[in-house]
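Here is start06.cif, consisting of mmCIF, C-alpha atoms and all ligand atoms:
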data_data
#
loop_
_atom_site.label_atom_id
_atom_site.label_comp_id
_atom_site.auth_asym_id
_atom_site.auth_seq_id
_atom_site.Cartn_x
_atom_site.Cartn_y
_atom_site.Cartn_z
CA MET A 1078 25.47 103.97 83.54
CA PHE A 1079 26.47 105.37 86.84
CA SER A 1080 28.56 108.24 87.97
CA ALA A 1081 30.03 108.72 91.35
CA LEU A 1082 31.23 111.47 93.52
CA LEU A 1083 34.33 111.02 95.56
CA PHE A 1084 34.00 113.15 98.61
CA LEU A 1085 36.96 114.13 100.64
CA CYS A 1086 37.57 116.09 103.77
CA VAL A 1087 40.84 117.08 105.33
CA VAL A 1088 41.55 117.08 109.02
CA THR A 1089 44.84 118.58 110.04
CA SER A 1090 46.34 119.55 113.33
CA ALA A 1091 45.06 123.10 113.09
CA LEU A 1092 45.72 125.42 115.97
CA ALA A 1093 42.92 125.41 118.45
CA GLY A 1094 40.89 128.39 119.51
CA MET A 1095 41.26 129.54 123.08
CA LYS A 1096 38.05 129.26 125.12
CA ASN A 1097 38.95 130.49 128.59
CA SER A 1098 41.91 132.01 130.34
CA ALA A 1099 43.07 133.12 133.77
CA THR A 1100 46.14 134.80 135.16
CA PHE A 1101 48.18 132.78 137.59
CA GLY A 1102 51.22 134.55 139.05
CA LYS A 1103 53.55 135.43 136.22
CA THR A 1104 51.76 133.17 133.78
CA VAL A 1105 48.51 132.97 131.90
CA LEU A 1106 46.55 129.71 131.82
CA LYS A 1107 44.76 129.21 128.53
CA TYR A 1108 42.14 126.54 128.01
CA TYR A 1109 41.56 125.30 124.49
CA VAL A 1110 38.51 123.20 123.69
CA GLY A 1111 35.64 122.92 121.25
CA GLU A 1112 34.31 120.75 118.49
CA GLN A 1113 37.21 121.72 116.23
CA ASP A 1114 39.73 122.22 118.98
CA THR A 1115 39.85 119.07 121.06
CA THR A 1116 42.96 117.20 120.17
CA ILE A 1117 45.34 114.36 120.91
CA PHE A 1118 48.03 114.82 123.54
CA ALA A 1119 50.89 115.31 121.04
CA THR A 1120 49.09 118.10 119.19
CA ALA A 1121 48.27 119.80 122.50
CA LEU A 1122 51.97 119.73 123.42
CA VAL A 1123 53.00 121.34 120.14
CA SER A 1124 50.15 123.82 120.17
CA CYS A 1125 51.20 125.12 123.61
CA ILE A 1126 54.78 125.56 122.41
CA GLN A 1127 53.52 127.42 119.33
CA SER A 1128 51.68 129.71 121.71
CA GLY A 1129 54.98 130.51 123.42
CA GLY A 1130 54.39 128.36 126.49
CA GLU A 1131 53.97 124.73 127.41
CA LEU A 1132 51.32 122.22 128.39
CA VAL A 1133 50.61 123.07 132.02
CA MET A 1134 52.34 121.10 134.79
CA PRO A 1135 50.19 121.68 137.88
CA LYS A 1136 52.71 120.53 140.47
CA ASP A 1137 51.09 122.24 143.43
CA LYS A 1138 47.52 122.38 144.61
CA LYS A 1139 47.08 126.11 144.05
CA LEU A 1140 48.04 125.88 140.40
CA ASN A 1141 46.08 122.65 140.03
CA ASP A 1142 42.92 124.32 141.37
CA ALA A 1143 43.44 127.18 138.93
CA VAL A 1144 43.83 124.73 136.03
CA ALA A 1145 40.68 122.82 137.00
CA SER A 1146 38.81 126.07 137.25
CA VAL A 1147 39.96 127.42 133.87
CA ALA A 1148 38.99 124.05 132.31
CA LYS A 1149 35.58 124.36 133.98
CA GLY A 1150 35.72 120.87 135.45
CA THR A 1151 35.86 119.13 132.06
CA PRO A 1152 38.74 116.75 131.25
CA ALA A 1153 41.79 118.47 129.76
CA TRP A 1154 45.32 117.37 128.92
CA ILE A 1155 48.06 118.37 131.33
CA GLY A 1156 51.78 117.88 130.81
CA GLY A 1157 52.46 114.48 132.28
CA GLY A 1158 52.41 110.77 131.60
CA ASP A 1159 54.36 107.54 131.37
CA LEU A 1160 55.12 107.71 127.66
CA PHE A 1161 58.72 106.71 128.10
CA GLY A 1162 58.25 103.67 130.32
CA GLU A 1163 55.13 102.08 131.78
CA GLY A 1164 54.58 103.25 135.36
CA ASN A 1165 57.37 105.85 135.24
CA TYR A 1166 55.23 108.95 135.45
CA GLU A 1167 56.98 112.17 134.55
CA TRP A 1168 56.09 115.75 133.93
CA ILE A 1169 57.13 116.91 130.47
CA ASP A 1170 60.10 118.73 131.99
CA GLY A 1171 61.43 115.33 133.06
CA LYS A 1172 60.66 115.75 136.77
CA ARG A 1173 58.99 112.87 138.55
CA HIS A 1174 55.20 113.04 138.62
CA GLU A 1175 53.57 111.88 141.86
CA TRP A 1176 49.89 110.93 141.88
CA THR A 1177 48.87 113.30 144.66
CA LEU A 1178 45.46 114.16 143.20
CA VAL A 1179 44.45 110.83 141.84
CA SER A 1180 40.90 109.97 140.73
CA CYS A 1181 39.22 106.84 142.00
CA ARG A 1182 40.89 103.62 140.71
CA GLU A 1183 43.39 105.63 138.66
CA PRO A 1184 45.92 105.43 137.16
CA ASN A 1185 44.91 102.06 135.73
CA ASP A 1186 46.58 102.01 132.28
CA HIS A 1187 43.26 100.68 131.00
CA GLY A 1188 43.76 98.24 128.11
CA ASN A 1189 47.53 98.68 128.52
CA GLY A 1190 47.21 101.87 126.60
CA GLU A 1191 46.89 104.90 128.84
CA ASP A 1192 50.06 106.93 129.04
CA CYS A 1193 48.91 110.55 129.16
CA ILE A 1194 47.27 112.49 131.96
CA LEU A 1195 44.00 114.39 132.01
CA ILE A 1196 42.79 116.68 134.74
CA GLY A 1197 39.13 116.10 135.51
CA GLY A 1198 36.40 117.26 137.87
CA GLY A 1199 37.62 118.46 141.26
CA GLY A 1200 41.12 118.83 139.81
CA ARG A 1201 41.72 115.09 140.06
CA TRP A 1202 43.99 113.35 137.59
CA PHE A 1203 43.54 110.19 135.56
CA ASP A 1204 45.54 108.44 132.87
CA HIS A 1205 44.01 108.12 129.42
CA GLY A 1206 44.90 107.08 125.87
CA CYS A 1207 47.21 109.70 124.32
CA CYS A 1208 45.43 109.50 120.95
CA THR A 1209 42.01 110.36 122.28
CA GLU A 1210 40.86 113.93 121.79
CA TRP A 1211 40.32 116.42 124.59
CA GLY A 1212 40.76 120.06 125.42
CA TYR A 1213 44.01 121.16 127.05
CA VAL A 1214 45.50 123.87 129.20
CA CYS A 1215 48.65 125.78 128.25
CA GLN A 1216 50.74 127.75 130.69
CA ILE A 1217 52.21 130.79 128.98
CA PRO A 1218 54.58 133.37 130.52
CA ASN A 1219 52.81 136.73 130.49
CA THR A 1220 56.08 138.49 129.82
CA LYS A 1221 56.94 138.80 126.16
CA SER A 1222 60.51 137.58 126.56
CA MET A 1223 61.40 133.92 126.09
CA PRO A 1224 61.16 131.39 124.67
CA TYR A 1225 61.03 132.89 121.24
CA GLU A 1226 59.05 130.87 118.78
CA ASN A 1227 59.82 130.90 115.09
CA SER A 1228 57.83 128.28 113.19
CA ALA A 1229 59.53 124.98 113.92
CA PHE A 1230 62.26 126.42 116.14
CA THR A 1231 62.18 127.43 119.75
CA VAL A 1232 65.16 129.24 121.19
CA TYR A 1233 65.65 128.74 124.91
CA ASP A 1234 67.73 131.71 125.81
CA GLY A 1235 70.24 132.31 128.56
CA ASN A 1236 68.50 133.41 131.72
CA ILE A 1237 65.88 130.70 131.67
CA ASP A 1238 67.63 127.62 130.43
CA GLN A 1239 71.30 126.90 130.39
CA THR A 1240 72.24 123.28 130.44
CA THR A 1241 74.80 120.75 129.41
CA TYR A 1242 74.47 119.25 125.94
CA LEU A 1243 72.84 116.07 127.21
CA GLN A 1244 70.30 117.96 129.33
CA ALA A 1245 69.44 120.19 126.37
CA GLU A 1246 68.93 117.12 124.21
CA GLN A 1247 66.60 115.55 126.81
CA PHE A 1248 64.72 118.82 127.29
CA CYS A 1249 63.94 119.03 123.57
CA LYS A 1250 62.93 115.36 123.34
CA ARG A 1251 60.39 115.71 126.10
CA ARG A 1252 58.70 118.44 124.10
CA LEU A 1253 58.30 116.31 120.97
CA SER A 1254 61.30 118.13 119.62
CA ARG A 1255 64.95 117.52 118.96
CA LEU A 1256 67.95 119.76 119.25
CA ALA A 1257 67.66 121.90 116.13
CA VAL A 1258 69.38 120.82 112.96
CA LEU A 1259 70.65 124.04 111.41
CA HIS A 1260 71.90 123.85 107.87
CA ASP A 1261 73.76 127.12 107.56
CA ARG A 1262 74.96 130.12 109.48
CA GLU A 1263 72.38 132.38 107.82
CA GLN A 1264 69.59 130.28 109.28
CA PHE A 1265 71.06 130.78 112.74
CA GLN A 1266 71.57 134.51 112.22
CA THR A 1267 67.96 134.90 111.10
CA LEU A 1268 66.78 133.13 114.23
CA LEU A 1269 69.06 135.17 116.46
CA SER A 1270 68.06 138.47 114.86
CA LYS A 1271 64.49 137.87 116.00
CA LEU A 1272 65.44 137.58 119.66
CA GLU A 1273 64.86 140.79 121.56
CA ASN A 1274 67.86 140.65 123.86
CA PRO A 1275 69.90 137.54 123.25
CA SER A 1276 71.93 137.08 126.42
CA MET A 1277 74.26 134.54 124.86
CA THR A 1278 75.92 134.18 121.50
CA SER A 1279 76.41 130.42 121.49
CA PHE A 1280 73.69 127.74 121.55
CA TRP A 1281 73.55 123.95 121.61
CA VAL A 1282 72.25 122.42 118.37
CA HIS A 1283 72.26 118.99 116.82
CA SER A 1284 74.76 118.07 114.19
CA GLU A 1285 74.25 115.48 111.52
CA GLN A 1286 77.94 115.58 110.69
CA ASP A 1287 80.00 112.59 111.73
CA GLY A 1288 82.89 113.02 114.08
CA TYR A 1289 81.27 115.66 116.25
CA SER A 1290 79.90 114.95 119.69
CA CYS A 1291 78.55 118.18 121.17
CA ILE A 1292 77.90 121.01 118.77
CA SER A 1293 77.19 124.63 119.45
CA VAL A 1294 76.37 127.33 116.96
CA SER A 1295 77.42 130.96 117.03
CA ASP A 1296 78.07 133.73 114.53
CA ASP A 1297 81.19 131.86 113.55
CA GLY A 1298 79.19 128.77 112.60
CA LEU A 1299 79.18 125.31 114.12
CA SER A 1300 81.86 124.25 116.54
CA ASP A 1301 82.73 121.24 118.63
CA SER A 1302 82.30 122.23 122.28
CA ASP A 1303 82.82 120.91 125.80
CA CYS A 1304 79.69 118.82 126.45
CA LEU A 1305 79.53 119.87 130.11
CA GLN A 1306 79.43 123.58 129.38
CA SER A 1307 76.18 125.32 130.27
CA LEU A 1308 74.68 126.93 127.21
CA PRO A 1309 71.23 127.96 126.03
CA PHE A 1310 69.88 125.86 123.20
CA ILE A 1311 67.53 125.65 120.24
CA CYS A 1312 64.84 122.98 119.88
CA GLU A 1313 63.14 122.07 116.65
CA GLN A 1314 59.67 120.54 116.67
CA VAL A 1315 59.21 117.02 115.47
CA ALA A 1316 55.81 117.49 113.96
CA VAL A 1317 53.58 117.28 110.95
CA HIS A 1318 52.70 120.90 110.31
CA ASP A 1319 50.28 120.52 107.47
CA VAL A 1320 48.62 117.87 105.33
CA SER A 1321 46.96 118.70 102.05
CA VAL A 1322 45.46 116.78 99.18
CA SER A 1323 45.36 117.79 95.55
CA GLU A 1324 41.62 117.44 95.07
CA GLU A 1325 39.08 117.77 97.81
CA ARG A 1326 36.02 116.68 95.84
CA PRO A 1327 37.09 114.91 92.70
CA PHE A 1328 34.20 113.91 90.47
CA ALA A 1329 34.99 110.42 89.31
CA GLU A 1330 33.26 108.43 86.60
CA SER A 1331 33.81 104.73 86.15
CA GLY A 1332 36.58 103.87 83.74
CA ILE A 1333 38.71 106.95 84.32
CA ASN A 1334 42.13 107.12 85.92
CA LEU A 1335 42.37 109.15 89.06
CA ASN A 1336 45.47 110.52 90.79
CA ILE A 1337 45.12 112.18 94.18
CA ASN A 1338 48.25 113.62 95.69
CA CYS A 1339 48.71 114.00 99.41
CA SER A 1340 51.60 116.09 100.67
CA ALA A 1341 52.75 117.04 104.12
CA SER A 1342 55.24 119.42 105.62
CA GLY A 1343 57.00 119.03 108.92
CA THR A 1344 60.31 118.46 110.63
CA PRO A 1345 61.83 116.11 109.73
CA ILE A 1346 59.95 115.71 106.43
CA PRO A 1347 57.12 113.26 107.24
CA LYS A 1348 56.47 109.93 105.60
CA VAL A 1349 53.15 109.98 103.79
CA THR A 1350 51.09 106.86 103.11
CA TRP A 1351 47.61 106.16 101.75
CA TYR A 1352 45.42 103.60 103.49
CA ARG A 1353 41.99 102.28 102.68
CA GLU A 1354 39.98 101.09 105.66
CA GLY A 1355 43.20 100.69 107.58
CA ASN A 1356 44.99 98.74 104.87
CA TYR A 1357 48.01 99.93 102.94
CA VAL A 1358 47.04 100.86 99.39
CA PRO A 1359 49.49 99.24 96.95
CA HIS A 1360 48.63 101.65 94.12
CA GLN A 1361 50.49 104.71 95.32
CA LYS A 1362 53.63 106.55 94.31
CA ARG A 1363 55.50 107.63 97.39
CA GLY A 1364 58.01 110.44 97.43
CA LEU A 1365 59.66 112.72 99.94
CA GLY A 1366 56.84 114.22 102.03
CA SER A 1367 54.13 113.12 99.63
CA SER A 1368 52.29 110.22 98.11
CA THR A 1369 50.02 109.97 95.08
CA LEU A 1370 47.07 107.62 95.15
CA VAL A 1371 46.72 106.07 91.71
CA LEU A 1372 43.35 104.58 90.82
CA LYS A 1373 43.30 103.19 87.29
CA ASP A 1374 40.19 102.28 85.34
CA LEU A 1375 37.98 103.24 88.21
CA ASP A 1376 35.11 100.96 89.04
CA VAL A 1377 32.63 100.71 91.84
CA ASP A 1378 34.96 98.56 93.91
CA ASP A 1379 37.41 101.45 94.13
CA PHE A 1380 35.03 103.69 96.01
CA GLY A 1381 35.51 103.83 99.73
CA MET A 1382 37.26 105.75 102.40
CA TYR A 1383 40.92 106.54 101.81
CA VAL A 1384 43.10 107.94 104.51
CA CYS A 1385 46.37 109.68 103.95
CA LYS A 1386 48.63 109.64 106.98
CA ALA A 1387 51.71 111.77 107.51
CA VAL A 1388 53.90 110.37 110.22
CA ASN A 1389 56.94 111.81 111.86
CA GLU A 1390 59.32 109.83 113.93
CA VAL A 1391 62.71 110.44 115.45
CA ASP A 1392 64.99 107.74 116.82
CA GLY A 1393 62.28 105.13 116.23
CA GLN A 1394 60.53 106.37 119.37
CA LEU A 1395 56.94 107.34 120.06
CA ARG A 1396 57.65 111.00 119.36
CA ARG A 1397 55.59 111.46 116.29
CA MET A 1398 52.48 113.12 115.01
CA GLU A 1399 50.01 112.25 112.33
CA GLY A 1400 47.82 114.18 109.98
CA PHE A 1401 44.85 112.59 108.27
CA SER A 1402 42.78 113.00 105.17
CA PHE A 1403 39.63 111.08 104.49
CA VAL A 1404 38.22 110.18 101.13
CA GLU A 1405 34.67 108.95 101.03
CA SER A 1406 32.65 107.91 98.05
CA SER A 1407 28.99 107.94 97.31
CA THR A 1408 27.42 106.71 94.13
CA THR A 1409 24.42 107.89 92.18
CA MET A 1410 22.76 105.76 89.57
CA GLU A 1411 21.33 107.17 86.38
CA CA B 1 50.47 103.86 131.21
CA CA B 2 42.74 105.51 133.34
#
Could I get this structure in the form of structure tokens?
Amino acid sequence: MFSALLFLCVVTSALAGMKNSATFGKTVLKYYVGEQDTTIFATALVSCIQSGGELVMPKDKKLNDAVASVAKGTPAWIGGGDLFGEGNYEWIDGKRHEWTLVSCREPNDHGNGEDCILIGGGGRWFDHGCCTEWGYVCQIPNTKSMPYENSAFTVYDGNIDQTTYLQAEQFCKRRLSRLAVLHDREQFQTLLSKLENPSMTSFWVHSEQDGYSCISVSDDGLSDSDCLQSLPFICEQVAVHDVSVSEERPFAESGINLNINCSASGTPIPKVTWYREGNYVPHQKRGLGSSTLVLKDLDVDDFGMYVCKAVNEVDGQLRRMEGFSFVESSTTME
């Protein structure tokens, strides 16, 4: 007879811990790194927004030197890359990125898979795979004003950002976000009530209703507006916020049936799928934002590493994030 222990650990995109910071003009540069805190490019982007700022865009040498110094010469993500077209390097605000501080033989798009930019020793830049894990530097306004961050929503208020509908839409997309989908007026009023001094009363948002082109929201609700008007806007993160599994260390004996549920939250609601060693597991019940791994009449062949992935995608584009869970098994003989 044998019994077995299924061992499981959960890795989610937890917020990183800040390791170093420095004031630069009206902003604070914060460097996040560490065994638990290094992360893929997409998570770094979202994490900076959640901290009320953005992944740093060191467009001039002074700022670049400050970034290199706060990152202590170790590689760190900065806000640039060619994610939206090979060789078209852009900062995350959509401005063209020029390789003025290039490292030797870079950018080289090594293996046709390097679309994000790291700052390295001497403040020099190099392209690297976006899904590799590194520290990162956020640039955060040291005033407490805008943008206001409320969970998945970021309100870009009047004085800073007023744009046409199309520009607002692009702005959100470059931050792994979309123009916010607001479901009712109360949701908007709650958001607005948390702003200290809202300078405007009308904001661009996305509408899922047919027949509208450019939608703004105000106290009166949603309305069809002139697309070329300049308005502030509200972005909503496209992200997996959390991944959890029903049992972290299920004790499994041969012959039993085992159900392990994996659920994820995010905007939009992520698709959740179980894999075993990279292969889709057919025995799973998938629902909205969750999937249950169903192992019937467990035997030794069922033990192995299971991975639950929560994926978010908008417009079929690369803008997505993943959360992972790992299930490992070990067996003990009696
Ligand atoms: Ca590339
Ligand atoms: Ca490279």
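Shortest atom-to-atom contact with A:Val1258 among A:Leu1243, A:Glu1175, A:Tyr1357, A:Thr1231: A:Thr1231, counting only C-alpha atoms.
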Closest of A:Ala1257, A:Gly1199, A:Ser1295, A:Arg1182 to A:Cys1312, counting only C-alpha atoms, is A:Ala1257
What do you get as a compact mmCIF listing (two decimals) with C-alpha atoms, keeping the file's coordinate frame if you pick all residues at most 8 Å from ligand CA 1 (chain B), counting all atoms listed in the file?
# COMPACT_ATOMS: atom_id res chain seq x y z
CA GLY A 1158 52.41 110.77 131.60
CA ASP A 1159 54.36 107.54 131.37
CA LEU A 1160 55.12 107.71 127.66
CA GLY A 1162 58.25 103.67 130.32
CA GLU A 1163 55.13 102.08 131.78
CA GLY A 1164 54.58 103.25 135.36
CA PRO A 1184 45.92 105.43 137.16
CA ASN A 1185 44.91 102.06 135.73
CA ASP A 1186 46.58 102.01 132.28
CA HIS A 1187 43.26 100.68 131.00
CA ASN A 1189 47.53 98.68 128.52
CA GLY A 1190 47.21 101.87 126.60
CA GLU A 1191 46.89 104.90 128.84
CA ASP A 1192 50.06 106.93 129.04
CA CYS A 1193 48.91 110.55 129.16
CA ASP A 1204 45.54 108.44 132.87
CA HIS A 1205 44.01 108.12 129.42
Between atom CA of A:Ala1121 and atom CA of A:Trp1154, what is the spacing in Å?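 About the pair atom CA of A:Trp1154 and atom CA of A:Ala1121: they are 7.5 Å apart.
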For A:Cys1125, which residue out of A:Arg1252, A:His1174, A:Arg1353, A:Lys1149 is the nearest one, using all atoms listed in the file?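 For A:Cys1125, the nearest of the given residues is A:Arg1252.
Put simply, atom CA of A:Tyr1383 is 11.8 Å away from atom CA of A:Thr1369.
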Select, from A:Val1133, A:Leu1299, A:Cys1207, A:Leu1269, the residue with the minimum atom-to-atom distance to ligand CA 2 (chain B), counting all atoms listed in the file. A:Cys1207
